[in-house]
file coords20.csv (CSV, C-alpha atoms and all ligand atoms)
chain,number,residue,atom,x,y,z
W,1,MET,CA,162.0,-110.5,-36.7
W,2,LEU,CA,158.7,-111.8,-38.0
W,3,THR,CA,155.8,-111.5,-35.6
W,4,ASN,CA,155.0,-114.8,-33.9
W,5,VAL,CA,151.3,-115.0,-34.9
W,6,ASN,CA,150.6,-118.5,-33.6
W,7,ASP,CA,151.2,-118.3,-29.9
W,8,GLY,CA,148.9,-115.4,-28.9
W,9,PRO,CA,150.1,-112.6,-26.6
W,10,GLU,CA,152.6,-114.8,-24.8
W,11,GLY,CA,154.5,-115.6,-28.0
W,12,VAL,CA,154.7,-111.9,-29.1
W,13,LEU,CA,155.6,-110.7,-25.6
W,14,ARG,CA,158.5,-113.2,-25.6
W,15,GLN,CA,159.7,-111.6,-28.8
W,16,PHE,CA,159.3,-108.1,-27.3
W,17,TRP,CA,161.5,-109.0,-24.3
W,18,THR,CA,164.1,-110.5,-26.6
W,19,LEU,CA,164.2,-107.4,-28.7
W,20,ILE,CA,164.5,-105.2,-25.7
W,21,ASP,CA,167.3,-107.3,-24.3
W,22,GLN,CA,169.2,-107.1,-27.6
W,23,ALA,CA,168.8,-103.3,-27.8
W,24,ARG,CA,170.0,-102.9,-24.2
W,25,SER,CA,173.0,-105.2,-24.7
W,26,ARG,CA,174.1,-103.0,-27.5
W,27,ASP,CA,174.2,-100.0,-25.2
W,28,PRO,CA,174.5,-101.3,-21.6
W,29,ASP,CA,174.9,-97.8,-20.1
W,30,ALA,CA,171.7,-96.4,-21.6
W,31,ALA,CA,168.9,-96.2,-19.0
W,32,LEU,CA,165.5,-97.4,-19.9
W,33,SER,CA,163.1,-94.7,-18.9
W,34,SER,CA,159.8,-95.5,-20.5
W,35,VAL,CA,158.3,-98.0,-22.9
W,36,GLY,CA,156.1,-97.4,-26.0
W,37,ILE,CA,154.3,-100.0,-28.0
W,38,CYS,CA,152.2,-99.6,-31.2
W,39,VAL,CA,149.2,-101.9,-31.6
W,40,PRO,CA,148.1,-102.8,-35.2
W,41,GLY,CA,144.5,-102.9,-34.1
W,42,TRP,CA,141.9,-101.7,-31.7
W,43,TYR,CA,143.3,-100.5,-28.4
W,44,ASP,CA,141.2,-98.9,-25.6
W,45,SER,CA,143.4,-96.1,-24.5
W,46,ALA,CA,141.2,-95.5,-21.4
W,47,THR,CA,141.5,-99.0,-19.9
W,48,GLY,CA,144.8,-100.1,-21.4
W,49,GLU,CA,143.0,-103.2,-22.9
W,50,ILE,CA,143.3,-104.5,-26.4
W,51,ILE,CA,139.8,-104.7,-28.0
W,52,GLY,CA,141.0,-106.8,-30.9
W,53,ILE,CA,143.7,-107.1,-33.6
W,54,PRO,CA,142.3,-108.2,-36.9
W,55,THR,CA,145.6,-109.9,-38.0
W,56,LEU,CA,146.4,-111.6,-34.7
W,57,SER,CA,144.2,-114.0,-32.7
W,58,GLY,CA,143.9,-114.3,-29.0
W,59,TRP,CA,144.5,-110.7,-28.0
W,60,GLU,CA,140.9,-109.7,-27.2
W,61,GLY,CA,140.7,-108.2,-23.7
W,62,PHE,CA,144.5,-108.5,-23.2
W,63,GLN,CA,145.8,-106.0,-20.6
W,64,LEU,CA,148.9,-105.0,-22.5
W,65,ARG,CA,149.7,-101.8,-20.7
W,66,LYS,CA,149.4,-103.5,-17.3
W,67,VAL,CA,151.5,-106.5,-18.3
W,68,VAL,CA,154.3,-104.3,-19.7
W,69,TRP,CA,154.2,-102.0,-16.6
W,70,GLU,CA,154.5,-105.1,-14.3
W,71,LYS,CA,157.5,-106.3,-16.3
W,72,PHE,CA,159.5,-103.0,-16.2
W,73,GLY,CA,157.9,-100.8,-13.5
W,74,LEU,CA,158.3,-97.8,-15.8
W,75,PRO,CA,155.9,-95.5,-17.6
W,76,VAL,CA,154.2,-97.4,-20.5
W,77,VAL,CA,152.4,-95.9,-23.5
W,78,VAL,CA,150.4,-98.1,-25.8
W,79,GLU,CA,148.8,-96.6,-28.8
W,80,ASN,CA,147.1,-97.7,-32.0
W,81,ASP,CA,149.8,-97.7,-34.8
W,82,ALA,CA,148.0,-95.1,-37.0
W,83,ILE,CA,147.3,-92.8,-34.1
W,84,ALA,CA,151.0,-93.1,-33.1
W,85,ALA,CA,152.0,-92.3,-36.7
W,86,ALA,CA,149.8,-89.2,-36.6
W,87,TYR,CA,151.6,-88.1,-33.5
W,88,GLY,CA,154.9,-88.7,-35.1
W,89,GLU,CA,154.0,-86.6,-38.2
W,90,TRP,CA,152.5,-83.9,-35.9
W,91,HIS,CA,155.6,-83.5,-33.7
W,92,HIS,CA,158.5,-84.5,-36.0
W,93,GLY,CA,157.1,-84.6,-39.6
W,94,ALA,CA,154.8,-82.9,-42.0
W,95,GLY,CA,152.4,-81.6,-39.4
W,96,ARG,CA,154.8,-79.6,-37.2
W,97,GLY,CA,153.4,-76.4,-36.0
W,98,HIS,CA,149.7,-77.3,-36.7
W,99,ASP,CA,146.9,-77.7,-34.1
W,100,HIS,CA,144.6,-79.5,-36.5
W,101,LEU,CA,145.5,-82.3,-38.9
W,102,VAL,CA,144.4,-85.6,-40.3
W,103,TYR,CA,147.0,-88.3,-41.0
W,104,ALA,CA,145.9,-91.0,-43.4
W,105,THR,CA,148.0,-94.1,-44.2
W,106,VAL,CA,147.0,-95.6,-47.5
W,107,SER,CA,148.5,-99.1,-47.8
W,108,THR,CA,147.0,-102.6,-47.4
W,109,GLY,CA,144.2,-100.9,-45.4
W,110,LEU,CA,143.4,-97.3,-44.9
W,111,GLY,CA,143.7,-96.0,-41.4
W,112,GLY,CA,144.7,-92.8,-39.7
W,113,GLY,CA,144.8,-90.5,-36.7
W,114,VAL,CA,143.4,-87.1,-36.0
W,115,VAL,CA,144.7,-84.1,-34.1
W,116,VAL,CA,142.1,-81.5,-33.2
W,117,ASP,CA,142.6,-78.4,-31.1
W,118,GLY,CA,146.2,-79.4,-30.4
W,119,ARG,CA,145.3,-82.8,-29.0
W,120,LEU,CA,145.4,-86.4,-30.3
W,121,MET,CA,141.7,-87.4,-30.8
W,122,HIS,CA,140.9,-90.8,-29.1
W,123,GLY,CA,137.1,-90.8,-28.8
W,124,ARG,CA,135.1,-93.5,-27.0
W,125,ARG,CA,137.3,-96.6,-26.2
W,126,GLY,CA,140.2,-95.0,-28.1
W,127,MET,CA,138.4,-95.8,-31.3
W,128,GLY,CA,138.2,-92.3,-32.8
W,129,GLY,CA,139.5,-91.7,-36.3
W,130,GLU,CA,138.7,-94.9,-38.1
W,131,ILE,CA,138.9,-92.9,-41.2
W,132,GLY,CA,138.8,-95.8,-43.7
W,133,HIS,CA,135.3,-97.0,-42.7
W,134,PHE,CA,132.8,-94.5,-43.9
W,135,ARG,CA,130.9,-95.4,-47.0
W,136,ILE,CA,131.7,-93.4,-50.1
W,137,ALA,CA,130.1,-95.7,-52.7
W,138,PRO,CA,126.7,-97.4,-52.1
W,139,ASP,CA,127.5,-100.1,-54.6
W,140,GLY,CA,131.2,-100.4,-54.0
W,141,PRO,CA,133.3,-103.5,-53.2
W,142,ARG,CA,133.0,-105.3,-49.9
W,143,CYS,CA,135.4,-103.9,-47.3
W,144,SER,CA,137.6,-105.9,-44.9
W,145,CYS,CA,135.2,-104.8,-42.2
W,146,GLY,CA,132.3,-106.5,-43.9
W,147,ALA,CA,130.5,-103.4,-45.0
W,148,ILE,CA,130.0,-102.2,-48.6
W,149,GLY,CA,131.8,-99.3,-50.3
W,150,CYS,CA,134.0,-98.0,-47.4
W,151,PHE,CA,136.7,-95.5,-48.3
W,152,GLU,CA,139.2,-98.3,-47.5
W,153,ALA,CA,137.4,-100.8,-49.8
W,154,ILE,CA,137.8,-98.4,-52.7
W,155,ALA,CA,141.0,-96.4,-52.1
W,156,SER,CA,143.4,-98.6,-50.2
W,157,GLY,CA,146.5,-100.0,-51.9
W,158,THR,CA,144.8,-103.4,-51.9
W,159,ALA,CA,141.8,-102.0,-53.8
W,160,LEU,CA,144.2,-100.3,-56.3
W,161,GLY,CA,146.1,-103.6,-56.7
W,162,ARG,CA,142.8,-105.4,-57.4
W,163,ARG,CA,141.9,-102.9,-60.2
W,164,ALA,CA,145.5,-103.3,-61.5
W,165,GLN,CA,145.0,-107.1,-61.7
W,166,VAL,CA,141.9,-106.7,-63.7
W,167,GLN,CA,143.8,-104.5,-66.2
W,168,ALA,CA,146.7,-106.9,-66.3
W,169,GLN,CA,144.4,-109.8,-67.3
W,170,ARG,CA,142.5,-107.7,-69.8
W,171,TYR,CA,145.7,-106.5,-71.5
W,172,PRO,CA,148.3,-109.3,-71.2
W,173,GLN,CA,150.8,-107.5,-73.4
W,174,SER,CA,150.7,-104.3,-71.3
W,175,TYR,CA,153.2,-103.2,-68.6
W,176,LEU,CA,150.9,-104.7,-65.9
W,177,GLY,CA,150.1,-107.7,-68.0
W,178,ARG,CA,153.7,-108.6,-68.3
W,179,ILE,CA,154.1,-108.6,-64.5
W,180,GLY,CA,151.3,-111.1,-64.3
W,181,GLU,CA,149.4,-112.3,-61.2
W,182,LYS,CA,151.6,-110.6,-58.7
W,183,VAL,CA,150.6,-107.1,-59.8
W,184,ASP,CA,150.0,-104.7,-56.9
W,185,ALA,CA,149.7,-101.0,-56.2
W,186,ARG,CA,153.5,-100.6,-56.3
W,187,HIS,CA,153.6,-101.7,-59.9
W,188,VAL,CA,151.0,-99.1,-60.8
W,189,VAL,CA,153.2,-96.4,-59.4
W,190,GLU,CA,156.3,-97.7,-61.2
W,191,GLY,CA,154.3,-98.1,-64.5
W,192,ALA,CA,153.0,-94.5,-64.2
W,193,ARG,CA,156.5,-93.3,-63.7
W,194,ALA,CA,157.4,-95.1,-66.9
W,195,LYS,CA,154.5,-93.3,-68.6
W,196,ASP,CA,152.4,-96.4,-69.1
W,197,GLN,CA,148.9,-95.1,-70.0
W,198,ILE,CA,147.0,-97.9,-68.2
W,199,CYS,CA,148.9,-97.2,-65.0
W,200,GLU,CA,148.5,-93.5,-65.4
W,201,ALA,CA,144.8,-93.9,-65.7
W,202,LEU,CA,144.6,-96.2,-62.6
W,203,LEU,CA,146.5,-93.6,-60.5
W,204,GLU,CA,144.2,-90.9,-61.8
W,205,GLU,CA,141.2,-92.9,-60.7
W,206,GLU,CA,142.9,-93.7,-57.4
W,207,ALA,CA,143.6,-90.0,-56.8
W,208,GLY,CA,139.9,-89.3,-57.5
W,209,TYR,CA,138.8,-91.7,-54.8
W,210,LEU,CA,141.3,-90.3,-52.4
W,211,GLY,CA,140.1,-86.8,-53.1
W,212,ILE,CA,136.5,-87.8,-52.4
W,213,GLY,CA,137.5,-89.5,-49.1
W,214,PHE,CA,139.7,-86.7,-48.0
W,215,THR,CA,136.9,-84.2,-48.8
W,216,GLY,CA,134.7,-86.0,-46.3
W,217,LEU,CA,137.5,-86.0,-43.7
W,218,ILE,CA,138.2,-82.3,-44.2
W,219,HIS,CA,134.5,-81.5,-43.7
W,220,LEU,CA,134.4,-83.6,-40.5
W,221,PHE,CA,137.6,-82.4,-38.8
W,222,SER,CA,138.5,-79.1,-40.4
W,223,PRO,CA,142.2,-79.8,-40.4
W,224,ASP,CA,144.9,-77.4,-41.4
W,225,LEU,CA,146.2,-80.1,-43.7
W,226,VAL,CA,145.8,-83.8,-44.5
W,227,ILE,CA,149.0,-85.8,-44.4
W,228,MET,CA,149.1,-88.9,-46.6
W,229,GLY,CA,151.4,-91.8,-45.7
W,230,GLY,CA,151.5,-95.5,-46.4
W,231,GLY,CA,152.7,-97.5,-49.5
W,232,VAL,CA,150.4,-95.7,-52.0
W,233,SER,CA,152.0,-92.4,-51.0
W,234,GLN,CA,155.1,-93.5,-53.0
W,235,GLY,CA,153.0,-92.2,-55.9
W,236,PHE,CA,151.9,-89.0,-54.1
W,237,ASP,CA,153.6,-86.6,-56.5
W,238,LEU,CA,151.8,-88.2,-59.4
W,239,MET,CA,148.4,-87.9,-57.8
W,240,SER,CA,148.6,-84.7,-55.8
W,241,GLU,CA,147.2,-82.4,-58.5
W,242,ARG,CA,144.2,-84.6,-59.1
W,243,ILE,CA,143.6,-85.1,-55.3
W,244,GLN,CA,143.7,-81.4,-54.8
W,245,SER,CA,141.4,-80.6,-57.7
W,246,VAL,CA,138.8,-83.1,-56.5
W,247,ILE,CA,138.8,-81.5,-53.1
W,248,SER,CA,138.4,-78.1,-54.5
W,249,GLU,CA,135.5,-79.3,-56.8
W,250,ASN,CA,133.7,-81.1,-53.9
W,251,ALA,CA,134.4,-79.3,-50.7
W,252,MET,CA,132.4,-76.4,-49.3
W,253,SER,CA,134.0,-73.1,-49.9
W,254,PRO,CA,135.9,-72.6,-46.6
W,255,PHE,CA,137.6,-76.0,-47.1
W,256,LYS,CA,138.5,-75.9,-50.8
W,257,LEU,CA,142.1,-75.0,-50.3
W,258,VAL,CA,143.0,-77.4,-47.5
W,259,PRO,CA,146.2,-79.0,-48.7
W,260,VAL,CA,147.1,-82.7,-48.8
W,261,VAL,CA,150.8,-83.2,-48.2
W,262,PRO,CA,153.0,-86.4,-48.2
W,263,ALA,CA,154.1,-87.8,-44.8
W,264,ALA,CA,157.7,-86.7,-44.0
W,265,LEU,CA,158.7,-89.7,-41.9
W,266,GLY,CA,157.9,-92.5,-44.3
W,267,ASP,CA,157.6,-96.0,-42.7
W,268,SER,CA,159.0,-94.6,-39.5
W,269,SER,CA,156.2,-92.3,-38.5
W,270,GLY,CA,154.6,-94.8,-36.1
W,271,LEU,CA,157.9,-95.7,-34.5
W,272,ILE,CA,159.0,-92.1,-34.1
W,273,GLY,CA,155.5,-91.2,-32.8
W,274,ILE,CA,155.4,-93.9,-30.1
W,275,ALA,CA,158.9,-93.0,-29.1
W,276,ALA,CA,157.9,-89.4,-28.7
W,277,LEU,CA,154.8,-90.4,-26.8
W,278,ALA,CA,156.8,-92.6,-24.5
W,279,ASP,CA,159.3,-89.8,-24.0
W,280,ALA,CA,156.5,-87.4,-23.2
W,281,THR,CA,155.2,-89.6,-20.3
W,282,ARG,CA,158.3,-89.2,-18.2
W,283,ARG,CA,158.2,-85.4,-18.1
W,301,ZN,ZN,135.1,-100.8,-43.9
call {"tool": "encode", "arguments": {"input": "coords20.csv", "output": "structure tokens", "more": "lines below"}}
Ligand SMILES: [Zn+2]
result
Amino acid sequence: MLTNVNDGPEGVLRQFWTLIDQARSRDPDAALSSVGICVPGWYDSATGEIIGIPTLSGWEGFQLRKVVWEKFGLPVVVENDAIAAAYGEWHHGAGRGHDHLVYATVSTGLGGGVVVDGRLMHGRRGMGGEIGHFRIAPDGPRCSCGAIGCFEAIASGTALGRRAQVQAQRYPQSYLGRIGEKVDARHVVEGARAKDQICEALLEEEAGYLGIGFTGLIHLFSPDLVIMGGGVSQGFDLMSERIQSVISENAMSPFKLVPVVPAALGDSSGLIGIAALADATRR
């Protein structure tokens, strides 16, 4: 089901109720015990209020947790999607057994979640761990947030796709050039697997940017490991050596060997994370 973007919270909530009814009708004997919802935007975990969703209008100040609680009268957990994904990887994926980790999802944007001292980090207004928005290049491209040279503006899948489009135009007979205007990050990974040199160079460059950004995150949070998810992690195996070498070149000595590993739950880490969080509320 595609998200109803035009009718604000009411339209999306109608879709929620329909989906929940469909799921329950498939298994009428199953008891609903708690509800978990991921928000693709800023959610104030202290007040239960949505601060804003960049891709959806009309949600500012919406009391999502309260509205869902009033509908069902059951425990409700609402969480930012990347923070939920961090929880999923922590409890059921690549981060199991660790008390300190950073989860980074590198796709259209670059977001994440942080676990420190065995707890999900929320920070003021639930806004902690906006890992895509610190500047790593003073003259870099403009970011979706409006600033210049953010980690996201340089290392997201969108940024990689943009660099791929430049190469496709410059070399029309190349692997990327033959794909044409629709070239995106996925084609770079596919091309690199096919040993196309332009794609290999683009991924090498991407791995360098990721290594620089991850080095900053490692210094800030001292994680046991960094877990990388999102669409760009499809090419993780092709980039991991370079990412690790950039970290070891740039990090201070106690941090040089902090590993970056691929997410274990793929696209499902957010879903598994929010289900696990919802399950934890009823204990
Ligand atoms: Zn930014």
call {"tool": "closest_residue", "arguments": {"input": "coords20.csv", "among": "W:Gly123, W:Gly180, W:Gly230, W:Pro138", "to": "W:Ala46", "atoms": "all atoms listed in the file"}}
result
W:Gly123
call {"tool": "atom_distance", "arguments": {"input": "coords20.csv", "atom1": "atom CA of W:Ala82", "atom2": "atom CA of W:Ala104"}}
result
7.9 Å
call {"tool": "atom_distance", "arguments": {"input": "coords20.csv", "atom1": "atom CA of W:Cys199", "atom2": "atom CA of W:Gln167"}}
result
9.0 Å
call {"tool": "atom_distance", "arguments": {"input": "coords20.csv", "atom1": "atom CA of W:Ala159", "atom2": "atom CA of W:Val102"}}
result
21.4 Å
call {"tool": "closest_residue", "arguments": {"input": "coords20.csv", "among": "W:Asp117, W:Asp81, W:Glu49, W:Asp224", "to": "W:Gln63", "atoms": "all atoms listed in the file"}}
result
W:Glu49
call {"tool": "residues_around", "arguments": {"input": "coords20.csv", "residues": "stretch 161-166 of chain W", "least_positions_apart": "2", "cutoff": "9 Å", "atoms": "all atoms listed in the file", "output": "ChimeraX atom specification"}}
result
/W:156-159,168-171,176-177,180-188,198-199,202
